[in-house]
Amino acid sequence: MRIAFIGLGNMGGPMALNLQKAGHSVAAYDLSPTARDKFAAAGLNIAADAQTAVQKAEVVISMLPASQHVQALYLGKPGQPGLLSQIAAGTLVIDSSTIAAATSQLVAQAADAAGIDFIDAPVSGGTGGAIAGTLTFMVGGSDAQLARAQPLLEKMGANIFHAGAVGAGQTAKICNNMLLGILMIGTSEAIALGVANGLDPKVLSEIMRRSSGGNWALEKYNPWPGVQDSVPSSKGYAGGFGTDLMLKDLGLAQENATAVKAATPLGGMARSLYAMHSMAGHGALDFSSVVQSLQKRS
Ligand code: NAD
């Protein structure tokens with residue numbers, strides 16, 4: 001298939017590479033020259049701009065930071081037409097960014113008017129999952145649209161869920177990330193408490209991993225440096241899932257909770273803790289660096 005892939009960040013770059021490895025013809029683009037150079041060196045075919053990338057594409061995939069980027073890309077901004085006007089009718093557009101469900105629905109409506117299929121398909125599984133092709137996709141769209149996307153999603157992920165109509169993938173994603181944000185803080189707090197009492201963080205992490213406190217952070221993404229290899233905490237919290245991206249997701253969860261009058265006290269507290277961590281200058285570090293706000297300094 002001819003695929004245009006827009007957004008070659010920590011997630012998008014490896015996802016695009018997996019599609020190319022599976023034999024698809026990928027035309028990729030990112031606004032950042034650093035990202036373009038990195039993935040050109042890794043073997044991706046980089047287009048001159050997004051408009052060029054989507055020409056002749058049968059499928060367009062985007063993996064951008066937040067709602068405003070997705071809305072501006074597809075619908076345009078003052079003085080700049082949106083990419084939807086460049087995409088042929090009949091094309092399938094898959095947006096895997098984590099954004100507001102309302103933005104997915106807005107873009108889907110405009111796409112539908114142009115005869116373009118648009119689905120939201122945010123992911124979970126981190127950069128490790130993006131590289132290994134084992135992501136979980138949470139899809140919002142019709143059965144027929146999901147059936148079109150499924151063979152491609154299978155090249156990038158191991159679990160594909162149909163959450164409901166367009167926007168439902170985003171709602172599932174913010175519920176998941178609210179839980180993840182809370183679990184990362186809880187895990188950090190528990191390890192920091194043990195270490196403050198002289199426990200070895202590796203031994204304590206293993207005890208909790210195999211006990212009733214076990215969770216994804218202990219399993220695959222330990223926040224304490226040196227406990228696990230190849231996770232952001234052992235690489236100075238570089239790469240991974242940025243604190244500011246987690247802050248964005250917790251903000252989306254709180255906006256949604258306000259709209260539906262849901263009580264999410266821990267989600268609200270977690271948002272504030274990541275906001276304070278970001279304000280202290282750590283917004284670009286992986287979100288597991290929140291442990292630094294909870295540990296004793298020597
Ligand atoms: P990132 O910041 O590493 O990458 C985003 C890329 O998009 C950047 O390279 C940026 O230059 C590019 N970009 C922005 N606007 C653009 C435009 N108009 N045209 C082309 N390129 C543009 O972010 P990421 O970690 O790859 O995350 C992407 C999305 O996936 C976010 O919504 C995030 O919340 C979500 N997500 C991330 C992870 C993770 O572990 N990193 C996991 C699950 C979901």
# chains A, B, ... in the order shown; residues from 1 in each chain; ligands from 1

call {"tool": "residues_around", "arguments": {"residues": "Pro265 in chain A", "least_positions_apart": "3", "cutoff": "12 Å", "atoms": "only C-alpha atoms", "output": "list in words"}}
result
Met178, Leu179, Ile182, Leu250, Ala253, Gln254, Ala257, Thr258, Lys261, Ala262, Gly268, Met269, Ala270, Arg271 and Ser272 of chain A

call {"tool": "residues_near_ligand", "arguments": {"ligand": "ligand 1", "cutoff": "9 Å", "atoms": "only C-alpha atoms and all ligand atoms", "output": "VMD selection string"}}
result
chain A and resid 5 to 13 29 to 36 49 to 50 62 to 70 72 to 74 96 to 99 122 to 130 135 173 177 239 to 242 244 to 246 248 to 249 284 286

call {"tool": "select_by_dssp", "arguments": {"residues": "range 98-298 of chain A", "states": "strand (DSSP E or B)", "output": "PyMOL selection string"}}
result
chain A and resi 117-120+123-124+135-140+157-164+242+286

call {"tool": "select_by_dssp", "arguments": {"residues": "range 128-248 of chain A", "states": "alpha helix (DSSP H)", "output": "ChimeraX atom specification"}}
result
/A:128-132,143-156,168-196,201-209,216-220,243-248

call {"tool": "atom_distance", "arguments": {"atom1": "CA of Val26 in chain A", "atom2": "CA of Gln145 in chain A"}}
result
20.4 Å

call {"tool": "atom_distance", "arguments": {"atom1": "CA of Ala165 in chain A", "atom2": "CA of Ala108 in chain A"}}
result
10.6 Å

call {"tool": "closest_residue", "arguments": {"among": "A:Ile207, A:Ile174, A:Ala280, A:Ala22", "to": "Ile191 in chain A", "atoms": "only C-alpha atoms"}}
result
A:Ile207

call {"tool": "closest_residue", "arguments": {"among": "A:Ala111, A:Ala40, A:Ala158, A:Leu152", "to": "Thr136 in chain A", "atoms": "only C-alpha atoms"}}
result
A:Ala158

call {"tool": "closest_residue", "arguments": {"among": "A:Pro201, A:Pro223, A:Gly169, A:Gly90", "to": "Met184 in chain A", "atoms": "only C-alpha atoms"}}
result
A:Pro223

call {"tool": "closest_residue", "arguments": {"among": "A:Thr134, A:Ser104, A:Ser188, A:Ser211", "to": "Ile160 in chain A", "atoms": "only C-alpha atoms"}}
result
A:Thr134

call {"tool": "closest_residue", "arguments": {"among": "A:Val166, A:Ala144, A:Val260, A:Ala88", "to": "Asp120 in chain A", "atoms": "only C-alpha atoms"}}
result
A:Val166

call {"tool": "atom_distance", "arguments": {"atom1": "CA of Ala57 in chain A", "atom2": "CA of Ala89 in chain A"}}
result
10.8 Å

call {"tool": "residues_around", "arguments": {"residues": "Val203 in chain A", "least_positions_apart": "3", "cutoff": "12 Å", "atoms": "only C-alpha atoms", "output": "list in words"}}
result
Ile191, Gly194, Val195, Gly198, Leu199, Asp200, Glu206, Ile207, Met208, Arg209, Arg210, Leu218, Trp224, Gly226, Val227 and Gln228 of chain A

call {"tool": "residues_around", "arguments": {"residues": "Ala147 in chain A", "least_positions_apart": "4", "cutoff": "12 Å", "atoms": "only C-alpha atoms", "output": "JSON list (two decimals) with C-alpha atoms, in the first residue's frame"}}
result
[["chain", "number", "residue", "atom", "x", "y", "z"],
["A", 92, "LEU", "CA", -8.37, 6.21, 4.74],
["A", 117, "ASP", "CA", -12.67, 7.83, 5.93],
["A", 119, "ILE", "CA", -10.69, 7.07, 12.36],
["A", 139, "VAL", "CA", -10.03, 2.54, 17.57],
["A", 140, "GLY", "CA", -12.97, 4.90, 17.13],
["A", 141, "GLY", "CA", -14.84, 4.50, 13.84],
["A", 142, "SER", "CA", -17.27, 2.23, 12.01],
["A", 143, "ASP", "CA", -16.83, -1.54, 11.60],
["A", 151, "PRO", "CA", -4.15, -5.08, 8.31],
["A", 152, "LEU", "CA", -1.99, -1.97, 8.76],
["A", 153, "LEU", "CA", -2.59, -1.67, 12.49],
["A", 154, "GLU", "CA", -1.49, -5.31, 12.82],
["A", 160, "ILE", "CA", -6.48, -3.87, 18.33],
["A", 161, "PHE", "CA", -9.67, -2.86, 20.14],
["A", 162, "HIS", "CA", -12.80, -1.32, 18.68]]

call {"tool": "decode", "arguments": {"residues": "range 201-249 of chain A", "atoms": "N, CA and C atoms", "output": "PDB file, in the first residue's frame"}}
result
ATOM      1  N   PRO A 201      16.380  -0.523  45.887  1.00  0.00           N
ATOM      2  CA  PRO A 201      15.240  -0.305  44.980  1.00  0.00           C
ATOM      3  C   PRO A 201      14.964  -1.483  44.056  1.00  0.00           C
ATOM      4  N   LYS A 202      16.024  -2.243  43.714  1.00  0.00           N
ATOM      5  CA  LYS A 202      15.830  -3.408  42.823  1.00  0.00           C
ATOM      6  C   LYS A 202      15.074  -4.502  43.557  1.00  0.00           C
ATOM      7  N   VAL A 203      15.509  -4.769  44.786  1.00  0.00           N
ATOM      8  CA  VAL A 203      14.864  -5.832  45.576  1.00  0.00           C
ATOM      9  C   VAL A 203      13.415  -5.447  45.880  1.00  0.00           C
ATOM     10  N   LEU A 204      13.202  -4.209  46.294  1.00  0.00           N
ATOM     11  CA  LEU A 204      11.844  -3.762  46.624  1.00  0.00           C
ATOM     12  C   LEU A 204      10.940  -3.809  45.383  1.00  0.00           C
ATOM     13  N   SER A 205      11.484  -3.374  44.233  1.00  0.00           N
ATOM     14  CA  SER A 205      10.677  -3.387  43.003  1.00  0.00           C
ATOM     15  C   SER A 205      10.257  -4.803  42.662  1.00  0.00           C
ATOM     16  N   GLU A 206      11.189  -5.753  42.836  1.00  0.00           N
ATOM     17  CA  GLU A 206      10.874  -7.147  42.514  1.00  0.00           C
ATOM     18  C   GLU A 206       9.829  -7.717  43.479  1.00  0.00           C
ATOM     19  N   ILE A 207       9.955  -7.343  44.760  1.00  0.00           N
ATOM     20  CA  ILE A 207       8.955  -7.799  45.751  1.00  0.00           C
ATOM     21  C   ILE A 207       7.571  -7.291  45.346  1.00  0.00           C
ATOM     22  N   MET A 208       7.484  -6.001  45.018  1.00  0.00           N
ATOM     23  CA  MET A 208       6.162  -5.417  44.711  1.00  0.00           C
ATOM     24  C   MET A 208       5.643  -5.921  43.366  1.00  0.00           C
ATOM     25  N   ARG A 209       6.572  -6.116  42.411  1.00  0.00           N
ATOM     26  CA  ARG A 209       6.160  -6.601  41.085  1.00  0.00           C
ATOM     27  C   ARG A 209       5.442  -7.941  41.197  1.00  0.00           C
ATOM     28  N   ARG A 210       5.932  -8.783  42.125  1.00  0.00           N
ATOM     29  CA  ARG A 210       5.349 -10.121  42.279  1.00  0.00           C
ATOM     30  C   ARG A 210       4.307 -10.174  43.388  1.00  0.00           C
ATOM     31  N   SER A 211       3.974  -9.007  43.936  1.00  0.00           N
ATOM     32  CA  SER A 211       2.968  -8.968  45.009  1.00  0.00           C
ATOM     33  C   SER A 211       1.742  -8.196  44.528  1.00  0.00           C
ATOM     34  N   SER A 212       0.887  -7.873  45.469  1.00  0.00           N
ATOM     35  CA  SER A 212      -0.383  -7.253  45.071  1.00  0.00           C
ATOM     36  C   SER A 212      -0.226  -5.823  44.544  1.00  0.00           C
ATOM     37  N   GLY A 213       0.978  -5.239  44.686  1.00  0.00           N
ATOM     38  CA  GLY A 213       1.204  -3.895  44.124  1.00  0.00           C
ATOM     39  C   GLY A 213       1.684  -3.938  42.684  1.00  0.00           C
ATOM     40  N   GLY A 214       1.840  -5.136  42.125  1.00  0.00           N
ATOM     41  CA  GLY A 214       2.367  -5.269  40.755  1.00  0.00           C
ATOM     42  C   GLY A 214       1.567  -4.452  39.753  1.00  0.00           C
ATOM     43  N   ASN A 215       2.266  -3.797  38.846  1.00  0.00           N
ATOM     44  CA  ASN A 215       1.586  -3.006  37.802  1.00  0.00           C
ATOM     45  C   ASN A 215       2.555  -2.780  36.640  1.00  0.00           C
ATOM     46  N   TRP A 216       2.064  -2.145  35.566  1.00  0.00           N
ATOM     47  CA  TRP A 216       2.842  -1.969  34.325  1.00  0.00           C
ATOM     48  C   TRP A 216       4.155  -1.212  34.571  1.00  0.00           C
ATOM     49  N   ALA A 217       4.123  -0.199  35.463  1.00  0.00           N
ATOM     50  CA  ALA A 217       5.333   0.585  35.715  1.00  0.00           C
ATOM     51  C   ALA A 217       6.416  -0.320  36.315  1.00  0.00           C
ATOM     52  N   LEU A 218       6.042  -1.188  37.248  1.00  0.00           N
ATOM     53  CA  LEU A 218       7.021  -2.100  37.850  1.00  0.00           C
ATOM     54  C   LEU A 218       7.456  -3.169  36.850  1.00  0.00           C
ATOM     55  N   GLU A 219       6.520  -3.585  36.022  1.00  0.00           N
ATOM     56  CA  GLU A 219       6.772  -4.655  35.058  1.00  0.00           C
ATOM     57  C   GLU A 219       7.722  -4.184  33.954  1.00  0.00           C
ATOM     58  N   LYS A 220       7.422  -3.010  33.378  1.00  0.00           N
ATOM     59  CA  LYS A 220       8.092  -2.619  32.133  1.00  0.00           C
ATOM     60  C   LYS A 220       8.718  -1.243  32.132  1.00  0.00           C
ATOM     61  N   TYR A 221       8.537  -0.425  33.176  1.00  0.00           N
ATOM     62  CA  TYR A 221       8.901   0.993  33.037  1.00  0.00           C
ATOM     63  C   TYR A 221       9.303   1.560  34.395  1.00  0.00           C
ATOM     64  N   ASN A 222      10.185   0.820  35.103  1.00  0.00           N
ATOM     65  CA  ASN A 222      10.500   1.229  36.474  1.00  0.00           C
ATOM     66  C   ASN A 222      11.085   2.655  36.513  1.00  0.00           C
ATOM     67  N   PRO A 223      10.540   3.521  37.379  1.00  0.00           N
ATOM     68  CA  PRO A 223      10.993   4.920  37.392  1.00  0.00           C
ATOM     69  C   PRO A 223      12.334   5.141  38.088  1.00  0.00           C
ATOM     70  N   TRP A 224      12.817   4.123  38.834  1.00  0.00           N
ATOM     71  CA  TRP A 224      14.049   4.341  39.612  1.00  0.00           C
ATOM     72  C   TRP A 224      15.270   3.994  38.750  1.00  0.00           C
ATOM     73  N   PRO A 225      16.227   4.916  38.618  1.00  0.00           N
ATOM     74  CA  PRO A 225      17.384   4.644  37.748  1.00  0.00           C
ATOM     75  C   PRO A 225      18.129   3.379  38.159  1.00  0.00           C
ATOM     76  N   GLY A 226      18.498   2.583  37.171  1.00  0.00           N
ATOM     77  CA  GLY A 226      19.335   1.414  37.432  1.00  0.00           C
ATOM     78  C   GLY A 226      18.577   0.147  37.779  1.00  0.00           C
ATOM     79  N   VAL A 227      17.265   0.223  37.964  1.00  0.00           N
ATOM     80  CA  VAL A 227      16.520  -0.996  38.313  1.00  0.00           C
ATOM     81  C   VAL A 227      16.285  -1.846  37.068  1.00  0.00           C
ATOM     82  N   GLN A 228      15.930  -1.210  35.957  1.00  0.00           N
ATOM     83  CA  GLN A 228      15.700  -1.939  34.691  1.00  0.00           C
ATOM     84  C   GLN A 228      16.573  -1.328  33.600  1.00  0.00           C
ATOM     85  N   ASP A 229      17.066  -2.191  32.706  1.00  0.00           N
ATOM     86  CA  ASP A 229      17.844  -1.692  31.565  1.00  0.00           C
ATOM     87  C   ASP A 229      16.901  -1.155  30.505  1.00  0.00           C
ATOM     88  N   SER A 230      17.411  -0.302  29.643  1.00  0.00           N
ATOM     89  CA  SER A 230      16.691   0.158  28.440  1.00  0.00           C
ATOM     90  C   SER A 230      15.376   0.866  28.698  1.00  0.00           C
ATOM     91  N   VAL A 231      15.139   1.356  29.900  1.00  0.00           N
ATOM     92  CA  VAL A 231      13.943   2.185  30.136  1.00  0.00           C
ATOM     93  C   VAL A 231      14.440   3.622  30.338  1.00  0.00           C
ATOM     94  N   PRO A 232      13.567   4.625  30.149  1.00  0.00           N
ATOM     95  CA  PRO A 232      14.026   6.016  30.249  1.00  0.00           C
ATOM     96  C   PRO A 232      14.757   6.342  31.555  1.00  0.00           C
ATOM     97  N   SER A 233      14.329   5.744  32.691  1.00  0.00           N
ATOM     98  CA  SER A 233      14.986   6.083  33.968  1.00  0.00           C
ATOM     99  C   SER A 233      16.460   5.679  33.973  1.00  0.00           C
ATOM    100  N   SER A 234      16.827   4.726  33.149  1.00  0.00           N
ATOM    101  CA  SER A 234      18.235   4.315  33.089  1.00  0.00           C
ATOM    102  C   SER A 234      18.985   5.038  31.980  1.00  0.00           C
ATOM    103  N   LYS A 235      18.298   5.980  31.306  1.00  0.00           N
ATOM    104  CA  LYS A 235      18.948   6.754  30.246  1.00  0.00           C
ATOM    105  C   LYS A 235      18.752   8.257  30.497  1.00  0.00           C
ATOM    106  N   GLY A 236      18.795   8.635  31.774  1.00  0.00           N
ATOM    107  CA  GLY A 236      18.629  10.052  32.115  1.00  0.00           C
ATOM    108  C   GLY A 236      17.253  10.580  31.783  1.00  0.00           C
ATOM    109  N   TYR A 237      16.258   9.720  31.695  1.00  0.00           N
ATOM    110  CA  TYR A 237      14.863  10.068  31.379  1.00  0.00           C
ATOM    111  C   TYR A 237      14.720  10.702  29.992  1.00  0.00           C
ATOM    112  N   ALA A 238      15.635  10.350  29.090  1.00  0.00           N
ATOM    113  CA  ALA A 238      15.550  10.870  27.713  1.00  0.00           C
ATOM    114  C   ALA A 238      14.612   9.980  26.908  1.00  0.00           C
ATOM    115  N   GLY A 239      14.004  10.554  25.834  1.00  0.00           N
ATOM    116  CA  GLY A 239      13.089   9.791  24.975  1.00  0.00           C
ATOM    117  C   GLY A 239      11.838   9.418  25.750  1.00  0.00           C
ATOM    118  N   GLY A 240      11.245   8.299  25.412  1.00  0.00           N
ATOM    119  CA  GLY A 240      10.065   7.814  26.136  1.00  0.00           C
ATOM    120  C   GLY A 240       8.835   8.672  25.937  1.00  0.00           C
ATOM    121  N   PHE A 241       8.088   8.896  27.009  1.00  0.00           N
ATOM    122  CA  PHE A 241       6.808   9.619  26.953  1.00  0.00           C
ATOM    123  C   PHE A 241       6.967  10.874  27.818  1.00  0.00           C
ATOM    124  N   GLY A 242       7.024  12.023  27.148  1.00  0.00           N
ATOM    125  CA  GLY A 242       7.339  13.275  27.835  1.00  0.00           C
ATOM    126  C   GLY A 242       6.353  13.626  28.952  1.00  0.00           C
ATOM    127  N   THR A 243       6.887  14.226  30.026  1.00  0.00           N
ATOM    128  CA  THR A 243       6.043  14.703  31.131  1.00  0.00           C
ATOM    129  C   THR A 243       4.943  15.629  30.608  1.00  0.00           C
ATOM    130  N   ASP A 244       5.285  16.505  29.650  1.00  0.00           N
ATOM    131  CA  ASP A 244       4.274  17.437  29.130  1.00  0.00           C
ATOM    132  C   ASP A 244       3.184  16.713  28.334  1.00  0.00           C
ATOM    133  N   LEU A 245       3.534  15.562  27.711  1.00  0.00           N
ATOM    134  CA  LEU A 245       2.500  14.792  27.006  1.00  0.00           C
ATOM    135  C   LEU A 245       1.568  14.128  28.019  1.00  0.00           C
ATOM    136  N   MET A 246       2.147  13.611  29.127  1.00  0.00           N
ATOM    137  CA  MET A 246       1.294  13.039  30.187  1.00  0.00           C
ATOM    138  C   MET A 246       0.407  14.128  30.790  1.00  0.00           C
ATOM    139  N   LEU A 247       0.978  15.315  30.966  1.00  0.00           N
ATOM    140  CA  LEU A 247       0.208  16.435  31.516  1.00  0.00           C
ATOM    141  C   LEU A 247      -0.969  16.767  30.595  1.00  0.00           C
ATOM    142  N   LYS A 248      -0.704  16.750  29.289  1.00  0.00           N
ATOM    143  CA  LYS A 248      -1.775  16.989  28.298  1.00  0.00           C
ATOM    144  C   LYS A 248      -2.885  15.944  28.456  1.00  0.00           C
ATOM    145  N   ASP A 249      -2.506  14.676  28.580  1.00  0.00           N
ATOM    146  CA  ASP A 249      -3.514  13.599  28.673  1.00  0.00           C
ATOM    147  C   ASP A 249      -4.335  13.716  29.958  1.00  0.00           C
TER     148      ASP A 249
END
